[in-house]
Every structure is written in C-alpha cells, then in structure tokens.
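Please read the structure below before turning to the comments.
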Amino acid sequence: MTILGACAGWALLTAAGRDGRPEGVLLAVLAVAAGYATGRIAGALLPVAAPAVAALAGLGLALGVPGATAGPRLAAPLGHAGATAALLTLSSGAACCAALAAAAPLPRFTLRLLAAGTAVAAAVQGSVAGCLACAGVLLCSPAAARMRHRGLALAGPAAAVAAAGALAWAVAEDALPEGLAASAEGQLGGYRVLLWRDAVGMAGRDPLLGAGPGRFGELSPTAAATLTSDGRPHSAALQQAAEQGLVGVALLAAAGAWVLYALWRSPRGTPVVLSAGVALAAVGVLATVGNALSFTTVTAGAGALAGVATARPLGGDEGEGAPER
C-alpha cells in the first residue's frame, strides 16, 4: 500500500500546476489494488475455482467483449493488440495456477486444456505476441511443478522484464549496433520507435518531474502529427520517464519488485507461485513494447493474479506442493 500510495501521490505532484491529467494513473493504481484484494480473498476461499473462473473471465473479455481492450480510438496506428495479448497471457497463467492447485487428475487436465486454449485463441485473433506469451507460460508450468526453490527461479522472469526495458531504452536512444537496430526497428515498426524517441527527449528535458501525466500526446511531435494517435508512447517505462521523470520509473520498478517479493514470501506452493510469476513477467515484457498497462482490465487482472498467487488457502491445498523458497 505504501508503494501504490507513493505512485498515486507522485502522479498528483507531477500534475500540479502543469495541466497534467493524473486520472489514468490513479485509475490504474485503484485497479491494481482492487484486483489484488479480490484475488487474495478469492484465492483464500477457493484456491482452485478462483483462478479457474478468472481464466475464463479473461478469455471471455479478450474474445467476446471488444470494448474491454479497446482504446479511446479504435483506429489508432498501434491498436490495442498489446492489451488483448496481455489479457490472454493472464488467463493462461490463471489456468495454469488452477491446474497446479488441483489435486484430482480430471480437473487438472481440463484446466491445462483451458490454458492451451488461450494460446490457440491468441493465434486465432492474430496476436503473435499473445500466442508466444501464452505458449511460454504453458511450457513453463510443467517445469514449475518440478521446482521446489523459488528464489532463483523468480530471478529469471525479473531479468527478462529488465532486459526488455533496457532494450526499449537502447532502441529509443539509438544506442544499438546498426544491424541490430535495423532488425529491432523492423520488428517494432518505425512509428513506435519515433514515439519512443519523443519520450526519451521529453524525459531528457525534465528528468526529475517529467512533462506531467497524460501530456505525452500533446507534446510528442510524432503523436501530434498523427490523427489517430492514442497519445501514448506504447512503452510503460518510457511513458513513466516522459510524464513522471526518473522518479516515476523508480516507482514503477518498485511496484514490480514488490510483486516479486510478495510471490517469494507467498504461502502458496512454489509451482503456483512460479506459474503466476512467469505470466506476470510476460505481461511486463508486453508492457515495455506496448500500451497494455493503459487498460483497466489488464491492470486489474494482473493484480488479481498476484493476489491469488499470494493468498493463504483457508483449507490448505494438496495439489500444489510445499511452499519452499
């Protein structure tokens, strides 16, 4: 609560007297807190059913409710594919957590089938990133079931998110070798790279406070010249740097570190914790190259998955193994 309160307070501070719009940050903080609290309560009462229902809900939102992942402008050049991919990844992680917590073979098989179905759904939706992320979570789940010490295992997903953030910053700063830079720009698209460079430029002009929450769209030359822009740089870290300075980036990193610490200290079994950690890390990677965290469904879903994975089941759970660290 201290970290989330600091995130909200810093957003209000950087918005004061600068025409900033902190409502998006405040809504994201509220969504994470509400999702986490809901996940803790539901995970304690129904350690198998709660993540299973969450997986079905996420899958239904991603496939059956277009408005759940739609931005303010549906025709924006970069669209809302990142939000759809993140939502499906969270669904896959929740299904894997439920499968690992189940003791009976039939429910476990059914839930693994649901997790595999999210990867197929992502492929049908045309989301390559979502399909790869869901497949990664599904493949890591059996390995997590055989691991008993979570400390070093959680360091892997954390390193992946950090590496993705460093790569995004290097691309924005044009600090990569020529061949690697051309390959990265080809994969990301020139428009996204131009947005990232605008974000780095804004961060350089005011590295402490940034330009103010919600002001990237009006100050970015690339976004201002695009009629269908959604006003975001499509990178959570770079958006924080541009709008809330390096302190905002540090608070975002602190929130991620808190999630890792909560997972490490979780009373749940290590397989459940690691499956949730991989799914949350995959969402973190997607957020470094997209606007996934700009959607309430994604932030609330990430909080709910973290809550389920850190809850203490009231009746115990025989299927997930000992909570060794």
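Chains: A, B, ... in order of the structure tokens. Residues: from 1 per chain. Ligands: from 1, in order shown.
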Determine, using only C-alpha atoms, which residues of range 187-295 of chain A have any atom at most 12 Å from an atom of range 102-117 of chain A, and tabulate each with its shortest atom pair and distance in Å to one decimal place, rows ordered by chain and then rising number, as CSV.
residue,atom,partner,partner_atom,distance
A:Gly269,CA,A:Ala102,CA,11.6
A:Pro271,CA,A:Ala102,CA,11.7
A:Val272,CA,A:Ala102,CA,10.4
A:Ser275,CA,A:Ala115,CA,11.5
A:Ala279,CA,A:Ala115,CA,11.5
May I have the selected residues written with all heavy atoms, as a short mmCIF file (atom, residue, chain, number, x, y, z; two decimals), in the first residue's frame?
data_model
loop_
_atom_site.label_atom_id
_atom_site.label_comp_id
_atom_site.auth_asym_id
_atom_site.auth_seq_id
_atom_site.Cartn_x
_atom_site.Cartn_y
_atom_site.Cartn_z
N GLY A 269 2.11 -22.95 -2.83
CA GLY A 269 3.16 -23.83 -3.30
C GLY A 269 4.01 -23.17 -4.38
O GLY A 269 3.54 -22.32 -5.14
N PRO A 271 5.14 -24.26 -7.30
CA PRO A 271 4.67 -24.34 -8.68
C PRO A 271 3.63 -23.28 -9.02
O PRO A 271 3.68 -22.67 -10.11
CB PRO A 271 4.07 -25.75 -8.76
CG PRO A 271 4.80 -26.53 -7.73
CD PRO A 271 5.03 -25.56 -6.61
N VAL A 272 2.69 -23.01 -8.12
CA VAL A 272 1.68 -21.99 -8.37
C VAL A 272 2.33 -20.61 -8.45
O VAL A 272 2.04 -19.80 -9.33
CB VAL A 272 0.61 -22.01 -7.26
CG1 VAL A 272 -0.34 -20.82 -7.39
CG2 VAL A 272 -0.17 -23.32 -7.31
N SER A 275 4.34 -20.18 -11.75
CA SER A 275 3.47 -20.02 -12.92
C SER A 275 2.90 -18.61 -12.98
O SER A 275 2.87 -17.98 -14.04
CB SER A 275 2.34 -21.05 -12.88
OG SER A 275 2.84 -22.36 -13.05
N ALA A 279 3.72 -15.60 -15.86
CA ALA A 279 2.65 -14.88 -16.56
C ALA A 279 2.74 -13.37 -16.34
O ALA A 279 2.60 -12.58 -17.27
CB ALA A 279 1.29 -15.40 -16.10
#
Selection near range 89-91 of chain A, 10 Å with only C-alpha atoms, sequence-local residues under 4 positions removed, as a VMD selection string
chain A and resid 51 to 60 62 83 to 85 95 to 97 114 to 115 117 to 119 122 129 to 138 276 278 to 283 286 298 301 to 302 304 to 305
Return as a ChimeraX atom specification the full set of residues in range 71-262 of chain A whose backbone-based DSSP assignment is helix (DSSP H, G or I).
/A:81-101,105-124,128-145,150-172,178-188,190-205,216-219,221-224,236-262
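Compared by their closest atoms to Ala123 in chain A, and using only C-alpha atoms, the residues A:Ala81, A:Ser141, A:Arg40, A:Asn291 rank with A:Ala81 nearest.
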What are the nearest atom pairs, with distances in Å to one decimal, for all residues of range 101-193 of chain A that come at most 9 Å from range 223-245 of chain A, using only C-alpha atoms, set out by chain and rising residue number as a Markdown table?
| residue | atom | partner | partner_atom | distance |
| --- | --- | --- | --- | --- |
| A:Gly165 | CA | A:Ala237 | CA | 6.9 |
| A:Ala168 | CA | A:Ser235 | CA | 7.9 |
| A:Trp169 | CA | A:Leu238 | CA | 7.4 |
| A:Ala172 | CA | A:Leu238 | CA | 8.9 |
| A:Arg192 | CA | A:His234 | CA | 7.1 |
| A:Val193 | CA | A:Pro233 | CA | 8.8 |
Export C-alpha atoms of the chosen residues as a PDB file, in the first residue's frame?
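The resulting file, out-v5.pdb, is reproduced below:
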ATOM      1  CA  GLY A 165      13.057  -2.419 -20.663  1.00  0.00           C
ATOM      2  CA  ALA A 168      13.458  -0.484 -25.409  1.00  0.00           C
ATOM      3  CA  TRP A 169      15.530   2.342 -23.938  1.00  0.00           C
ATOM      4  CA  ALA A 172      14.893   4.819 -28.278  1.00  0.00           C
ATOM      5  CA  ARG A 192       6.630   3.081 -32.450  1.00  0.00           C
ATOM      6  CA  VAL A 193      10.360   3.855 -32.466  1.00  0.00           C
TER       7      VAL A 193
END
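Using only C-alpha atoms, the nearest neighbour of Pro157 in chain A within the list A:Pro22, A:Pro142, A:Gly284, A:Pro313 is A:Gly284.
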With only C-alpha atoms as the counted atoms, please give the residues lying no more than 8 Å from Ser220 in chain A, apart from itself and same-chain residues fewer than 2 positions off, as a list in words.
Leu195, Asp198, Ala199, Phe216, Gly217, Glu218, Thr222, Ala223 and Ala224 of chain A
Limited to N, CA, C and O atoms, could you put the picked residues into a file as a PDB file, in the first residue's frame?
ATOM      1  N   LEU A 195       7.897   7.305 -31.541  1.00  0.00           N
ATOM      2  CA  LEU A 195       7.247   7.643 -30.276  1.00  0.00           C
ATOM      3  C   LEU A 195       8.208   7.468 -29.106  1.00  0.00           C
ATOM      4  O   LEU A 195       8.259   8.307 -28.191  1.00  0.00           O
ATOM      5  N   ASP A 198      10.640  10.315 -28.979  1.00  0.00           N
ATOM      6  CA  ASP A 198       9.997  11.509 -28.415  1.00  0.00           C
ATOM      7  C   ASP A 198       9.935  11.412 -26.894  1.00  0.00           C
ATOM      8  O   ASP A 198      10.163  12.404 -26.181  1.00  0.00           O
ATOM      9  N   ALA A 199       9.624  10.212 -26.375  1.00  0.00           N
ATOM     10  CA  ALA A 199       9.533  10.018 -24.924  1.00  0.00           C
ATOM     11  C   ALA A 199      10.884  10.241 -24.259  1.00  0.00           C
ATOM     12  O   ALA A 199      10.973  10.895 -23.203  1.00  0.00           O
ATOM     13  N   PHE A 216       1.843  13.376 -22.849  1.00  0.00           N
ATOM     14  CA  PHE A 216       2.716  12.919 -23.937  1.00  0.00           C
ATOM     15  C   PHE A 216       2.101  13.215 -25.305  1.00  0.00           C
ATOM     16  O   PHE A 216       2.781  13.663 -26.215  1.00  0.00           O
ATOM     17  N   GLY A 217       0.810  12.953 -25.442  1.00  0.00           N
ATOM     18  CA  GLY A 217       0.169  13.121 -26.739  1.00  0.00           C
ATOM     19  C   GLY A 217       0.250  14.528 -27.280  1.00  0.00           C
ATOM     20  O   GLY A 217       0.424  14.733 -28.487  1.00  0.00           O
ATOM     21  N   GLU A 218       0.155  15.534 -26.407  1.00  0.00           N
ATOM     22  CA  GLU A 218       0.169  16.912 -26.877  1.00  0.00           C
ATOM     23  C   GLU A 218       1.572  17.456 -27.085  1.00  0.00           C
ATOM     24  O   GLU A 218       1.762  18.443 -27.805  1.00  0.00           O
ATOM     25  N   THR A 222       5.533  13.344 -33.001  1.00  0.00           N
ATOM     26  CA  THR A 222       5.033  12.196 -33.761  1.00  0.00           C
ATOM     27  C   THR A 222       3.562  11.957 -33.487  1.00  0.00           C
ATOM     28  O   THR A 222       2.764  11.755 -34.409  1.00  0.00           O
ATOM     29  N   ALA A 223       3.164  11.972 -32.219  1.00  0.00           N
ATOM     30  CA  ALA A 223       1.761  11.759 -31.872  1.00  0.00           C
ATOM     31  C   ALA A 223       0.891  12.905 -32.364  1.00  0.00           C
ATOM     32  O   ALA A 223      -0.234  12.695 -32.838  1.00  0.00           O
ATOM     33  N   ALA A 224       1.398  14.151 -32.253  1.00  0.00           N
ATOM     34  CA  ALA A 224       0.610  15.308 -32.676  1.00  0.00           C
ATOM     35  C   ALA A 224       0.366  15.315 -34.176  1.00  0.00           C
ATOM     36  O   ALA A 224      -0.648  15.837 -34.647  1.00  0.00           O
TER      37      ALA A 224
END
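All residues of protein, DNA or RNA that reach within 9 Å of range 24-34 of chain A, judged by only C-alpha atoms and not counting those fewer than 6 positions away in the chain, are A:Met1, A:Leu4, A:Gly5, A:Cys7, A:Ala8, A:Gly9, A:Ala11, A:Leu12, A:Pro213, A:Gly214, A:Leu293, A:Ser294, A:Phe295, A:Thr296, A:Thr297, A:Val298, A:Thr299, A:Ala300, A:Gly301, A:Ala302, A:Gly303, A:Ala304.
Taking CA of Gly290 in chain A and CA of Leu246 in chain A as the two end points, the separation is 19.3 Å.
Distance-wise, CA of Pro221 in chain A and CA of Pro177 in chain A end up 25.7 Å apart.
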